[in-house]
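As stored in entry_31.csv (CSV, C-alpha atoms):
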```csv
chain,number,residue,atom,x,y,z
A,1,MET,CA,132.7,82.6,148.7
A,2,THR,CA,133.4,86.4,149.0
A,3,VAL,CA,134.9,88.0,152.1
A,4,ALA,CA,131.6,89.6,152.9
A,5,GLN,CA,129.7,86.3,152.5
A,6,ASN,CA,132.3,84.5,154.6
A,7,ASN,CA,131.8,87.1,157.4
A,8,VAL,CA,128.1,86.7,157.2
A,9,ALA,CA,128.4,82.9,157.5
A,10,GLU,CA,130.8,83.3,160.5
A,11,ALA,CA,128.4,85.7,162.2
A,12,ALA,CA,125.5,83.3,161.8
A,13,GLU,CA,127.1,80.6,163.9
A,14,VAL,CA,125.3,80.1,167.2
A,15,VAL,CA,127.5,78.8,170.1
A,16,VAL,CA,125.9,77.2,173.1
A,17,PRO,CA,127.7,78.1,176.3
A,18,ALA,CA,129.5,75.2,178.1
A,19,THR,CA,127.6,75.9,181.3
A,20,SER,CA,124.4,77.6,182.4
A,21,ARG,CA,124.5,81.3,182.9
A,22,ALA,CA,122.8,80.6,186.2
A,23,GLU,CA,126.2,79.1,187.4
A,24,ARG,CA,128.3,82.1,186.5
A,25,PHE,CA,130.7,83.2,189.2
A,26,THR,CA,130.5,86.8,190.6
A,27,GLY,CA,132.5,88.5,193.4
A,28,TYR,CA,134.7,91.4,194.4
A,29,ASP,CA,138.0,89.5,194.9
A,30,VAL,CA,140.2,90.0,191.9
A,31,GLU,CA,142.3,86.9,192.7
A,32,ALA,CA,139.2,84.7,192.8
A,33,PHE,CA,139.1,85.1,189.0
A,34,GLU,CA,141.7,83.4,186.8
A,35,VAL,CA,143.7,85.6,184.5
A,36,PRO,CA,141.9,85.2,181.1
A,37,GLY,CA,144.0,83.9,178.2
A,38,GLY,CA,141.5,84.5,175.4
A,39,ARG,CA,140.3,80.9,175.0
A,40,GLU,CA,137.6,81.2,177.6
A,41,GLU,CA,134.0,81.5,176.3
A,42,ASN,CA,133.7,85.0,177.9
A,43,TRP,CA,136.9,86.2,176.2
A,44,ARG,CA,137.3,84.3,172.9
A,45,PHE,CA,136.3,87.3,170.8
A,46,THR,CA,138.3,89.9,172.7
A,47,PRO,CA,141.8,90.8,171.4
A,48,MET,CA,143.6,90.3,174.7
A,49,LYS,CA,146.8,92.2,173.8
A,50,ARG,CA,144.8,95.3,173.2
A,51,LEU,CA,143.4,95.4,176.7
A,52,ARG,CA,146.7,97.1,177.9
A,53,GLY,CA,147.0,94.9,181.0
A,54,LEU,CA,143.5,95.6,182.4
A,55,HIS,CA,142.9,91.9,182.5
A,56,ASP,CA,146.0,90.6,184.2
A,57,GLY,CA,146.8,93.2,186.9
A,58,THR,CA,149.6,95.0,185.1
A,59,ALA,CA,147.5,98.1,184.3
A,60,VAL,CA,148.3,100.3,187.4
A,61,ALA,CA,146.2,103.5,187.8
A,62,SER,CA,148.3,106.4,186.5
A,63,GLY,CA,145.6,109.0,186.0
A,64,GLU,CA,142.1,109.9,186.9
A,65,ILE,CA,138.8,110.0,185.2
A,66,LYS,CA,137.4,113.5,185.1
A,67,VAL,CA,133.7,113.7,185.9
A,68,ASP,CA,131.6,116.8,185.0
A,69,ALA,CA,127.8,116.7,185.8
A,70,ASP,CA,125.1,119.0,184.5
A,71,ALA,CA,122.2,117.6,186.4
A,72,ALA,CA,118.6,118.5,186.6
A,73,PRO,CA,117.8,120.5,189.7
A,74,GLU,CA,115.7,117.6,191.0
A,75,VAL,CA,118.7,115.2,190.8
A,76,ARG,CA,121.3,115.0,193.6
A,77,VAL,CA,124.9,114.4,192.6
A,78,GLU,CA,127.5,113.2,195.1
A,79,THR,CA,131.1,112.1,195.2
A,80,VAL,CA,131.5,109.4,197.7
A,81,GLY,CA,134.2,107.1,199.1
A,82,ARG,CA,134.5,103.4,198.7
A,83,GLU,CA,132.9,102.8,202.1
A,84,ASP,CA,129.5,104.2,201.0
A,85,ALA,CA,127.0,101.4,201.9
A,86,ARG,CA,124.9,102.0,198.7
A,87,LEU,CA,127.7,100.9,196.4
A,88,GLY,CA,127.4,97.4,195.0
A,89,GLN,CA,123.6,97.1,195.5
A,90,ALA,CA,122.9,96.5,191.8
A,91,GLY,CA,125.2,93.5,191.3
A,92,GLU,CA,128.7,92.0,191.7
A,93,PRO,CA,131.5,91.9,189.1
A,94,SER,CA,131.4,88.8,186.9
A,95,ASP,CA,134.8,89.0,185.4
A,96,ARG,CA,138.4,89.8,186.4
A,97,ILE,CA,138.5,93.3,184.9
A,98,ALA,CA,135.2,94.3,186.6
A,99,ALA,CA,136.6,93.0,189.9
A,100,GLN,CA,139.8,94.9,189.3
A,101,ALA,CA,137.9,98.1,188.6
A,102,TYR,CA,135.8,97.7,191.8
A,103,SER,CA,138.8,97.2,193.9
A,104,SER,CA,140.8,100.0,192.3
A,105,PHE,CA,138.5,103.1,192.2
A,106,THR,CA,139.1,105.7,194.9
A,107,SER,CA,135.8,107.6,194.7
A,108,ALA,CA,132.4,107.1,193.1
A,109,THR,CA,129.8,109.4,191.5
A,110,VAL,CA,126.3,108.8,192.7
A,111,LEU,CA,123.2,110.3,191.1
A,112,THR,CA,120.0,110.1,193.0
A,113,VAL,CA,116.5,110.9,191.8
A,114,PRO,CA,114.4,111.3,195.0
A,115,LYS,CA,111.2,109.5,195.6
A,116,GLU,CA,108.3,110.7,193.4
A,117,ALA,CA,110.5,113.4,191.8
A,118,ARG,CA,110.2,114.1,188.1
A,119,ALA,CA,113.3,115.5,186.5
A,120,SER,CA,112.7,118.6,184.5
A,121,LYS,CA,115.5,117.9,182.0
A,122,PRO,CA,118.0,115.2,181.2
A,123,SER,CA,121.1,115.0,183.5
A,124,VAL,CA,124.3,114.7,181.6
A,125,VAL,CA,127.5,113.3,183.1
A,126,ARG,CA,130.6,113.7,181.0
A,127,LEU,CA,133.5,111.3,181.9
A,128,THR,CA,136.8,112.3,180.3
A,129,GLY,CA,139.6,109.7,180.0
A,130,PRO,CA,142.9,109.9,181.9
A,131,GLY,CA,144.9,110.8,178.8
A,132,GLU,CA,146.9,108.9,176.3
A,133,GLY,CA,149.1,106.3,177.8
A,134,ASN,CA,147.4,106.5,181.2
A,135,VAL,CA,145.1,104.1,183.1
A,136,ALA,CA,142.1,104.9,185.3
A,137,TYR,CA,139.4,103.0,187.2
A,138,GLY,CA,136.0,104.4,188.2
A,139,HIS,CA,132.5,103.8,189.5
A,140,VAL,CA,129.2,105.4,188.8
A,141,GLN,CA,125.8,104.6,190.4
A,142,VAL,CA,122.4,106.0,189.3
A,143,ARG,CA,119.5,105.6,191.8
A,144,ALA,CA,115.9,106.2,190.9
A,145,GLU,CA,113.8,106.0,194.1
A,146,ALA,CA,110.2,104.8,194.2
A,147,TYR,CA,108.0,106.4,191.5
A,148,ALA,CA,110.7,108.8,190.4
A,149,GLU,CA,111.2,109.7,186.7
A,150,ALA,CA,114.4,110.9,185.0
A,151,ALA,CA,116.7,110.6,182.0
A,152,ILE,CA,120.5,110.3,182.5
A,153,VAL,CA,123.2,110.6,179.8
A,154,LEU,CA,126.7,109.2,180.5
A,155,ASP,CA,129.0,110.7,177.9
A,156,HIS,CA,132.5,109.0,177.6
A,157,VAL,CA,135.2,111.0,175.8
A,158,GLY,CA,138.9,111.5,175.7
A,159,SER,CA,141.9,109.2,175.7
A,160,GLY,CA,143.5,106.4,177.8
A,161,ALA,CA,142.5,103.1,179.3
A,162,TYR,CA,139.5,103.0,181.6
A,163,ALA,CA,137.7,100.2,183.4
A,164,ASP,CA,134.6,100.7,185.5
A,165,ASN,CA,131.4,99.4,187.0
A,166,VAL,CA,128.2,101.3,186.5
A,167,GLU,CA,125.1,100.6,188.6
A,168,PHE,CA,121.5,101.4,188.0
A,169,VAL,CA,119.2,100.9,191.0
A,170,ILE,CA,115.6,101.5,190.0
A,171,GLY,CA,113.0,101.5,192.8
A,172,GLU,CA,109.4,100.5,192.9
A,173,GLY,CA,107.3,102.1,190.1
A,174,ALA,CA,110.2,104.3,189.0
A,175,LYS,CA,110.8,105.1,185.3
A,176,LEU,CA,114.4,105.7,184.1
A,177,THR,CA,116.0,106.3,180.7
A,178,VAL,CA,119.7,105.9,180.4
A,179,VAL,CA,122.0,106.6,177.5
A,180,SER,CA,125.6,105.5,177.7
A,181,VAL,CA,127.7,107.1,174.9
A,182,GLN,CA,131.2,105.8,174.1
A,183,ASP,CA,132.6,108.5,171.9
A,184,TRP,CA,136.3,108.0,172.7
A,185,ALA,CA,139.4,109.1,170.9
A,186,ASP,CA,141.1,106.6,168.6
A,187,ASP,CA,143.6,105.4,171.2
A,188,ALA,CA,141.1,104.7,174.0
A,189,VAL,CA,140.3,101.4,175.7
A,190,HIS,CA,137.1,101.1,177.7
A,191,VAL,CA,135.9,98.0,179.5
A,192,SER,CA,132.7,98.5,181.5
A,193,GLU,CA,130.3,96.2,183.3
A,194,GLN,CA,126.9,97.7,183.8
A,195,HIS,CA,124.5,96.4,186.5
A,196,LEU,CA,120.8,97.0,186.0
A,197,LYS,CA,118.5,96.1,189.0
A,198,LEU,CA,114.8,96.7,188.7
A,199,GLY,CA,112.3,96.9,191.6
A,200,LYS,CA,108.6,96.0,191.5
A,201,ASP,CA,106.8,97.5,188.5
A,202,ALA,CA,110.0,99.5,187.6
A,203,THR,CA,110.7,100.5,184.0
A,204,LEU,CA,114.1,101.0,182.5
A,205,LYS,CA,115.1,102.0,179.0
A,206,HIS,CA,118.9,101.4,178.7
A,207,ILE,CA,120.6,102.6,175.6
A,208,VAL,CA,124.3,101.9,174.7
A,209,VAL,CA,125.9,103.9,171.8
A,210,THR,CA,129.4,103.0,170.8
A,211,LEU,CA,131.2,105.1,168.2
A,212,GLY,CA,134.9,105.7,169.1
A,213,GLY,CA,137.8,104.0,170.8
A,214,ASP,CA,140.4,101.4,169.8
A,215,LEU,CA,138.7,98.7,171.9
A,216,VAL,CA,135.4,99.1,173.7
A,217,ARG,CA,133.7,96.2,175.6
A,218,ILE,CA,130.4,96.9,177.4
A,219,SER,CA,128.7,94.2,179.4
A,220,PRO,CA,125.2,95.1,180.7
A,221,THR,CA,123.4,92.7,183.1
A,222,ALA,CA,119.7,93.1,183.9
A,223,THR,CA,118.2,91.6,187.0
A,224,PHE,CA,114.7,91.9,188.6
A,225,ALA,CA,114.2,92.3,192.3
A,226,ASP,CA,110.4,91.9,192.2
A,227,ARG,CA,107.5,91.3,189.9
A,228,GLY,CA,106.4,93.6,187.1
A,229,GLY,CA,109.8,94.9,186.0
A,230,ASP,CA,110.1,96.0,182.4
A,231,VAL,CA,113.5,96.6,180.8
A,232,GLU,CA,114.2,97.7,177.2
A,233,MET,CA,117.9,97.4,176.2
A,234,LEU,CA,118.8,99.2,173.0
A,235,GLY,CA,122.2,99.6,171.3
A,236,LEU,CA,123.7,101.4,168.3
A,237,TYR,CA,127.3,101.0,167.2
A,238,PHE,CA,129.5,101.9,164.2
A,239,ALA,CA,132.9,100.3,163.9
A,240,ASP,CA,135.6,101.7,161.7
A,241,ALA,CA,138.8,100.2,160.4
A,242,GLY,CA,140.8,98.5,163.2
A,243,GLN,CA,138.2,99.2,165.9
A,244,HIS,CA,136.9,96.4,168.1
A,245,GLN,CA,133.5,97.0,169.6
A,246,GLU,CA,132.0,94.3,171.9
A,247,HIS,CA,128.6,94.2,173.6
A,248,ARG,CA,127.8,91.3,175.9
A,249,LEU,CA,124.3,91.4,177.4
A,250,PHE,CA,122.8,89.2,180.1
A,251,VAL,CA,119.1,89.3,181.1
A,252,ASP,CA,118.4,87.2,184.2
A,253,HIS,CA,114.7,86.5,184.7
A,254,ALA,CA,114.6,85.1,188.2
A,255,VAL,CA,111.1,86.4,189.4
A,256,PRO,CA,107.7,86.0,187.8
A,257,ASN,CA,105.9,88.4,185.4
A,258,CYS,CA,108.7,90.5,184.1
A,259,LYS,CA,109.4,91.7,180.6
A,260,SER,CA,112.6,92.3,178.6
A,261,ARG,CA,113.2,93.6,175.1
A,262,VAL,CA,116.7,93.8,173.5
A,263,MET,CA,117.5,95.4,170.2
A,264,TYR,CA,121.0,96.2,169.0
A,265,LYS,CA,122.0,97.4,165.6
A,266,GLY,CA,125.5,98.0,164.2
A,267,ALA,CA,127.3,99.0,161.0
A,268,LEU,CA,130.9,98.2,160.1
A,269,GLN,CA,133.3,99.6,157.6
A,270,GLY,CA,137.0,99.3,156.9
A,271,ASP,CA,139.7,96.7,157.1
A,272,GLY,CA,139.8,95.0,160.5
A,273,ALA,CA,136.6,96.6,161.8
A,274,HIS,CA,135.1,94.0,164.3
A,275,ALA,CA,131.8,94.0,166.1
A,276,VAL,CA,130.8,91.4,168.6
A,277,TRP,CA,127.3,91.0,170.1
A,278,ILE,CA,126.5,88.4,172.7
A,279,GLY,CA,122.9,88.2,174.0
A,280,ASP,CA,122.2,85.8,176.8
A,281,VAL,CA,118.7,85.5,178.3
A,282,LEU,CA,118.1,83.1,181.2
A,283,ILE,CA,114.5,82.3,182.4
A,284,ARG,CA,114.8,80.5,185.7
A,285,ALA,CA,112.3,77.9,186.9
A,286,GLU,CA,110.6,80.4,189.2
A,287,ALA,CA,110.2,83.1,186.5
A,288,GLU,CA,106.7,82.2,185.3
A,289,GLY,CA,104.9,84.7,183.2
A,290,THR,CA,108.2,86.0,181.6
A,291,ASP,CA,107.9,87.8,178.3
A,292,THR,CA,111.3,88.3,176.5
A,293,TYR,CA,112.7,88.8,173.0
A,294,GLU,CA,116.2,89.8,171.7
A,295,LEU,CA,117.3,91.0,168.3
A,296,ASN,CA,120.6,91.9,166.7
A,297,ARG,CA,121.3,93.2,163.2
A,298,ASN,CA,124.6,94.1,161.6
A,299,LEU,CA,125.2,95.9,158.3
A,300,VAL,CA,128.6,95.3,156.7
A,301,LEU,CA,129.5,98.3,154.5
A,302,THR,CA,132.9,97.3,153.1
A,303,GLY,CA,135.1,94.3,152.7
A,304,GLY,CA,137.5,93.3,155.5
A,305,ALA,CA,134.9,94.0,158.3
A,306,ARG,CA,133.6,91.2,160.5
A,307,ALA,CA,130.6,90.9,162.8
A,308,ASP,CA,130.0,88.1,165.3
A,309,SER,CA,126.5,87.7,166.7
A,310,VAL,CA,125.6,85.1,169.2
A,311,PRO,CA,122.1,85.0,170.8
A,312,ASN,CA,121.5,82.5,173.6
A,313,LEU,CA,118.2,81.7,175.2
A,314,GLU,CA,118.0,79.4,178.3
A,315,ILE,CA,114.6,78.4,179.5
A,316,GLU,CA,113.9,76.4,182.7
A,317,THR,CA,110.1,76.7,182.8
A,318,GLY,CA,107.4,76.4,180.2
A,319,GLU,CA,105.0,78.7,182.0
A,320,ILE,CA,106.0,81.9,180.1
A,321,LEU,CA,104.2,84.4,177.9
A,322,GLY,CA,106.8,84.3,175.2
A,323,ALA,CA,110.5,84.0,174.4
A,324,GLY,CA,112.6,84.4,171.3
A,325,HIS,CA,115.6,85.8,169.5
A,326,ALA,CA,116.8,86.8,166.1
A,327,SER,CA,120.2,87.6,164.6
A,328,ALA,CA,121.4,88.6,161.1
A,329,THR,CA,124.4,90.1,159.4
A,330,GLY,CA,124.6,91.2,155.8
A,331,ARG,CA,125.7,93.7,153.2
A,332,PHE,CA,123.7,96.4,151.6
A,333,ASP,CA,120.4,95.1,150.2
A,334,ASP,CA,121.0,95.2,146.5
A,335,GLU,CA,117.2,95.4,145.8
A,336,GLN,CA,116.9,98.5,148.0
A,337,LEU,CA,119.7,100.1,146.1
A,338,PHE,CA,118.2,99.2,142.7
A,339,TYR,CA,114.8,100.5,143.8
A,340,LEU,CA,116.2,103.9,144.9
A,341,GLN,CA,118.5,104.2,141.8
A,342,SER,CA,115.7,103.3,139.5
A,343,ARG,CA,113.9,106.4,140.8
A,344,GLY,CA,116.8,108.7,139.9
A,345,ILE,CA,118.7,108.7,143.2
A,346,GLU,CA,122.5,108.5,142.7
A,347,GLU,CA,124.2,105.5,144.2
A,348,GLU,CA,126.1,107.4,146.9
A,349,SER,CA,122.9,109.1,148.1
A,350,ALA,CA,121.0,105.7,147.9
A,351,ARG,CA,123.6,104.1,150.2
A,352,ARG,CA,123.2,106.8,152.7
A,353,LEU,CA,119.5,106.4,152.7
A,354,VAL,CA,119.8,102.7,153.3
A,355,VAL,CA,122.1,103.2,156.3
A,356,ARG,CA,119.8,105.9,157.7
A,357,GLY,CA,116.9,103.6,157.4
A,358,PHE,CA,118.8,100.8,159.1
A,359,PHE,CA,119.4,102.9,162.2
A,360,HIS,CA,116.1,104.8,162.1
A,361,GLU,CA,114.2,102.4,164.4
A,362,ILE,CA,116.8,102.7,167.2
A,363,LEU,CA,117.2,106.5,166.8
A,364,MET,CA,113.5,107.1,167.1
A,365,LYS,CA,113.5,105.3,170.5
A,366,ILE,CA,116.0,107.8,171.9
A,367,ASP,CA,113.6,110.4,173.2
A,368,ILE,CA,116.3,112.9,174.1
A,369,PRO,CA,116.5,115.3,171.1
A,370,GLU,CA,120.0,116.5,171.8
A,371,VAL,CA,121.4,113.0,171.9
A,372,ARG,CA,119.4,111.8,168.9
A,373,GLU,CA,120.6,114.7,166.7
A,374,ARG,CA,124.2,114.2,167.8
A,375,LEU,CA,124.1,110.5,166.8
A,376,GLN,CA,122.5,111.4,163.5
A,377,GLY,CA,125.4,113.7,162.8
A,378,ALA,CA,127.9,111.1,163.9
A,379,ILE,CA,126.5,108.6,161.5
A,380,GLU,CA,126.7,111.1,158.6
A,381,THR,CA,130.3,111.7,159.5
A,382,GLU,CA,131.1,108.0,159.4
A,383,LEU,CA,129.5,107.6,156.0
A,384,GLN,CA,131.5,110.6,154.6
A,385,ALA,CA,134.7,109.0,155.9
A,386,VAL,CA,134.1,105.9,153.7
A,387,GLY,CA,132.6,107.8,150.8
A,388,ALA,CA,129.5,105.6,151.0
```
Do you think you could lay out the structure here as structure tokens?
Amino acid sequence: MTVAQNNVAEAAEVVVPATSRAERFTGYDVEAFEVPGGREENWRFTPMKRLRGLHDGTAVASGEIKVDADAAPEVRVETVGREDARLGQAGEPSDRIAAQAYSSFTSATVLTVPKEARASKPSVVRLTGPGEGNVAYGHVQVRAEAYAEAAIVLDHVGSGAYADNVEFVIGEGAKLTVVSVQDWADDAVHVSEQHLKLGKDATLKHIVVTLGGDLVRISPTATFADRGGDVEMLGLYFADAGQHQEHRLFVDHAVPNCKSRVMYKGALQGDGAHAVWIGDVLIRAEAEGTDTYELNRNLVLTGGARADSVPNLEIETGEILGAGHASATGRFDDEQLFYLQSRGIEEESARRLVVRGFFHEILMKIDIPEVRERLQGAIETELQAVGA
């Protein structure tokens, strides 16, 4: 069996969690969480030594995250203290790093889209790391009040180690598009728990893009406060040699008649490139009329790269509209390459076309032209680096 085939076989393994996700512990007290050692289900894929002490309390804040906001005129941007009563409304930390981040930040950035407002342009928040060798903790909350509409881009750049909680509170009938871009420098470590809470008939398109950094671990959790919520969770990632990129999603259907769609796609190249995708969906007994589906695809471009993909679907009621999941990891499709080459396209160009086609579905769902064009350029740069 070749290295690539072995990686595909490993990625195809499906692991059933030891306990129901309905029983997962959440809270703000850091000491209520045990220090993870790497054998726990929630941490077994994460290279613990590369977390730089974020998980065990030894990472003391030594810098600050710089926040620059270019917001639409309809969107209000505030810097608030820890005592602000709005903070924490979207959900509680579910692991020790998230709890540490919540207890360690000194100020939070809150973006509010007022009731019935329609933002005239995307609002961009750039978060710059504390610098190489430094540690920072942060908190961001995005609020879309009833029947508001807006697009928000969170752009993460720079160096250092950074842990945060990000909240999205979407009111009744509101429509929000969010793009979280992780375009860190090569030394950066970023661990983020993102809390998505949808009100009645609210719509959220949540997009995660991971390109840079030494280790990036993003954990979005979607919950529904009332009926009619509709969340679409999309992801695009490109892991290079030595990079660890981990995306752990949880969709908690606890109320009736809500919908969720998950689609993440990633490419990997270079020795030691590692991508992890965990997709958990829980349909509780009271969540009748649920409609959900999750999909993950990984494209391995070179030997020495590894993708782990684990979808989990837990259903406690049979009164649903639909539920399913799919996961696959593989190399270039030799038939596609042969087809293109047989029509006079050189192998290098053919490979580029295959990768572009692989990501096309995700890119077309990003309806912010500036972000889409930037990502297309980043993908081209990645392909040039490997000489694909």
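Atom CA of Thr26 of chain A lies 23.5 Å from atom CA of Gln245 of chain A.
The spacing separating atom CA of Ala241 of chain A from atom CA of Ala305 of chain A amounts to 7.6 Å.
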Contact check, segment 155-197 of chain A to segment 370-378 of chain A, at most 10 Å, counting all atoms listed in the file, closest pairs as a tab-separated table:
```
residue	atom	partner	partner_atom	distance
A:Asp155	CA	A:Val371	CA	10.0
A:Val179	CA	A:Val371	CA	8.5
A:Val181	CA	A:Val371	CA	9.1
A:Asp183	CA	A:Ala378	CA	9.6
```
Given only C-alpha atoms, how would the per-residue table for segment 262-376 of chain A near segment 39-43 of chain A read, listing every residue at most 12 Å away with its closest atom pair and distance in Å to one decimal, sorted by chain and number, as CSV?
```
residue,atom,partner,partner_atom,distance
A:Val276,CA,A:Trp43,CA,11.0
A:Trp277,CA,A:Asn42,CA,11.7
A:Ile278,CA,A:Asn42,CA,9.5
A:Gly279,CA,A:Asn42,CA,11.9
A:Asp280,CA,A:Asn42,CA,11.6
A:Val310,CA,A:Glu41,CA,11.6
```
message: If we count only C-alpha atoms and set the cut-off at 12 Å, which residues sit around Gly266 of chain A, ignoring sequence neighbours fewer than 5 positions away in its own chain? Please answer as a PyMOL selection string.
response: chain A and resi 208-211+234-240+245-247+273-277+295-301+305-309+327-331+355-356+358-360+362+379
message: Can you pull out the residues contacting Leu204 of chain A? Cut-off 6 Å, using all atoms listed in the file, and skip same-chain residues under 2 positions away; I want them as a PyMOL selection string.
response: chain A and resi 175-177+231
Which residues are close to segment 73-87 of chain A, i.e. within 9 Å by all atoms listed in the file, leaving aside same-chain residues fewer than 4 positions away? Reply as a tab-separated table (two decimals) with C-alpha atoms, in the coordinates of the input.
```tsv
chain	number	residue	atom	x	y	z
A	69	ALA	CA	127.80	116.70	185.80
A	103	SER	CA	138.80	97.20	193.90
A	105	PHE	CA	138.50	103.10	192.20
A	106	THR	CA	139.10	105.70	194.90
A	107	SER	CA	135.80	107.60	194.70
A	108	ALA	CA	132.40	107.10	193.10
A	109	THR	CA	129.80	109.40	191.50
A	110	VAL	CA	126.30	108.80	192.70
A	111	LEU	CA	123.20	110.30	191.10
A	112	THR	CA	120.00	110.10	193.00
A	113	VAL	CA	116.50	110.90	191.80
A	114	PRO	CA	114.40	111.30	195.00
A	117	ALA	CA	110.50	113.40	191.80
A	118	ARG	CA	110.20	114.10	188.10
A	119	ALA	CA	113.30	115.50	186.50
A	120	SER	CA	112.70	118.60	184.50
A	121	LYS	CA	115.50	117.90	182.00
A	123	SER	CA	121.10	115.00	183.50
A	139	HIS	CA	132.50	103.80	189.50
A	140	VAL	CA	129.20	105.40	188.80
A	141	GLN	CA	125.80	104.60	190.40
A	150	ALA	CA	114.40	110.90	185.00
A	167	GLU	CA	125.10	100.60	188.60
```
Computed interatomic separation between atom CA of Asn165 of chain A and atom CA of Ala101 of chain A (Å): 6.8 Å
Give me the residues of segment 172-222 of chain A that have any atom at most 10 Å from an atom of segment 95-99 of chain A; for each, the nearest atom pair and the distance in Å, rounded to one decimal. Use only C-alpha atoms, sort by chain and number, and format it as a tab-separated table.
```
residue	atom	partner	partner_atom	distance
A:Val191	CA	A:Ile97	CA	7.6
A:Ser192	CA	A:Ala98	CA	7.1
A:Glu193	CA	A:Ala98	CA	6.2
A:Gln194	CA	A:Ala98	CA	9.4
A:Ser219	CA	A:Ala98	CA	9.7
```
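Here the question is which of A:Val178, A:Leu54, A:Ala148, A:Val262 gets nearest to Ile368 of chain A using only C-alpha atoms, and that residue is A:Val178.
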- line: Restricting to only C-alpha atoms, whichever of A:Arg284, A:Arg227, A:His206, A:Arg217 is closest to Met263 of chain A is A:His206
Give me the segment 135-179 of chain A side of the contact with segment 195-202 of chain A, cut-off 10 Å, one line per residue showing its nearest atom pair and distance in Å at one decimal, counting all atoms listed in the file, sorted by chain and residue number, as a Markdown table.
```
| residue | atom | partner | partner_atom | distance |
| --- | --- | --- | --- | --- |
| A:Gln141 | CA | A:His195 | CA | 9.2 |
| A:Val142 | CA | A:Leu196 | CA | 9.7 |
| A:Arg143 | CA | A:Lys197 | CA | 10.0 |
| A:Ala144 | CA | A:Ala202 | CA | 9.5 |
| A:Glu145 | CA | A:Gly199 | CA | 9.6 |
| A:Ala146 | CA | A:Ala202 | CA | 8.5 |
| A:Tyr147 | CA | A:Ala202 | CA | 8.2 |
| A:Ala148 | CA | A:Ala202 | CA | 9.7 |
| A:Asn165 | CA | A:His195 | CA | 7.5 |
| A:Val166 | CA | A:His195 | CA | 6.1 |
| A:Glu167 | CA | A:His195 | CA | 4.7 |
| A:Phe168 | CA | A:Leu196 | CA | 4.9 |
| A:Val169 | CA | A:Lys197 | CA | 5.2 |
| A:Ile170 | CA | A:Leu198 | CA | 5.0 |
| A:Gly171 | CA | A:Gly199 | CA | 4.8 |
| A:Glu172 | CA | A:Lys200 | CA | 4.8 |
| A:Gly173 | CA | A:Ala202 | CA | 4.5 |
| A:Ala174 | CA | A:Ala202 | CA | 5.0 |
| A:Lys175 | CA | A:Ala202 | CA | 6.1 |
| A:Leu176 | CA | A:Ala202 | CA | 8.4 |
```
field: Residues within 9 Å of Val67 of chain A, all atoms listed in the file, excluding chain neighbours under 6 positions, as a PyMOL selection string
entry: chain A and resi 109+125-128
Please dump the current selection as a PDB file, in the coordinates of the input; keep C-alpha atoms.
```
ATOM      1  CA  THR A 109     129.800 109.400 191.500  1.00  0.00           C
ATOM      2  CA  VAL A 125     127.500 113.300 183.100  1.00  0.00           C
ATOM      3  CA  ARG A 126     130.600 113.700 181.000  1.00  0.00           C
ATOM      4  CA  LEU A 127     133.500 111.300 181.900  1.00  0.00           C
ATOM      5  CA  THR A 128     136.800 112.300 180.300  1.00  0.00           C
TER       6      THR A 128
END
```
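When all atoms listed in the file are used to compute distances to Tyr28 of chain A, the closest of the residues A:Pro47, A:Gly91, A:Gly270, A:Gly53 turns out to be A:Gly91.
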query: At most 6 Å from (107.8, 85.7, 186.7), file frame, only C-alpha atoms: which residues, as an MDAnalysis selection string?
result: chainID A and resid 255:258 287:290
Let me see the file: selected residues, C-alpha atoms, as a PDB file, in the coordinates of the input.
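Generated file (selection.pdb):
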```pdb
ATOM      1  CA  VAL A 255     111.100  86.400 189.400  1.00  0.00           C
ATOM      2  CA  PRO A 256     107.700  86.000 187.800  1.00  0.00           C
ATOM      3  CA  ASN A 257     105.900  88.400 185.400  1.00  0.00           C
ATOM      4  CA  CYS A 258     108.700  90.500 184.100  1.00  0.00           C
ATOM      5  CA  ALA A 287     110.200  83.100 186.500  1.00  0.00           C
ATOM      6  CA  GLU A 288     106.700  82.200 185.300  1.00  0.00           C
ATOM      7  CA  GLY A 289     104.900  84.700 183.200  1.00  0.00           C
ATOM      8  CA  THR A 290     108.200  86.000 181.600  1.00  0.00           C
TER       9      THR A 290
END
```
Best match for closeness to Gly304 of chain A among A:Glu380, A:Asp271, A:Asp29, A:Glu361, counting all atoms listed in the file: A:Asp271
Any chance you could model N, CA and C atoms for segment 203-208 of chain A and send them as a CSV table (one decimal), in the frame of the given file?
```csv
chain,number,residue,atom,x,y,z
A,203,THR,N,110.5,100.5,185.4
A,203,THR,CA,110.7,100.5,184.0
A,203,THR,C,112.0,101.2,183.7
A,204,LEU,N,112.8,100.5,182.9
A,204,LEU,CA,114.1,101.0,182.5
A,204,LEU,C,114.3,100.9,181.0
A,205,LYS,N,114.7,102.1,180.4
A,205,LYS,CA,115.1,102.0,179.0
A,205,LYS,C,116.6,102.3,179.0
A,206,HIS,N,117.4,101.3,178.6
A,206,HIS,CA,118.9,101.4,178.7
A,206,HIS,C,119.4,101.4,177.3
A,207,ILE,N,120.1,102.4,176.9
A,207,ILE,CA,120.6,102.6,175.6
A,207,ILE,C,122.1,102.7,175.6
A,208,VAL,N,122.8,101.9,174.8
A,208,VAL,CA,124.3,101.9,174.7
A,208,VAL,C,124.6,102.4,173.2
```
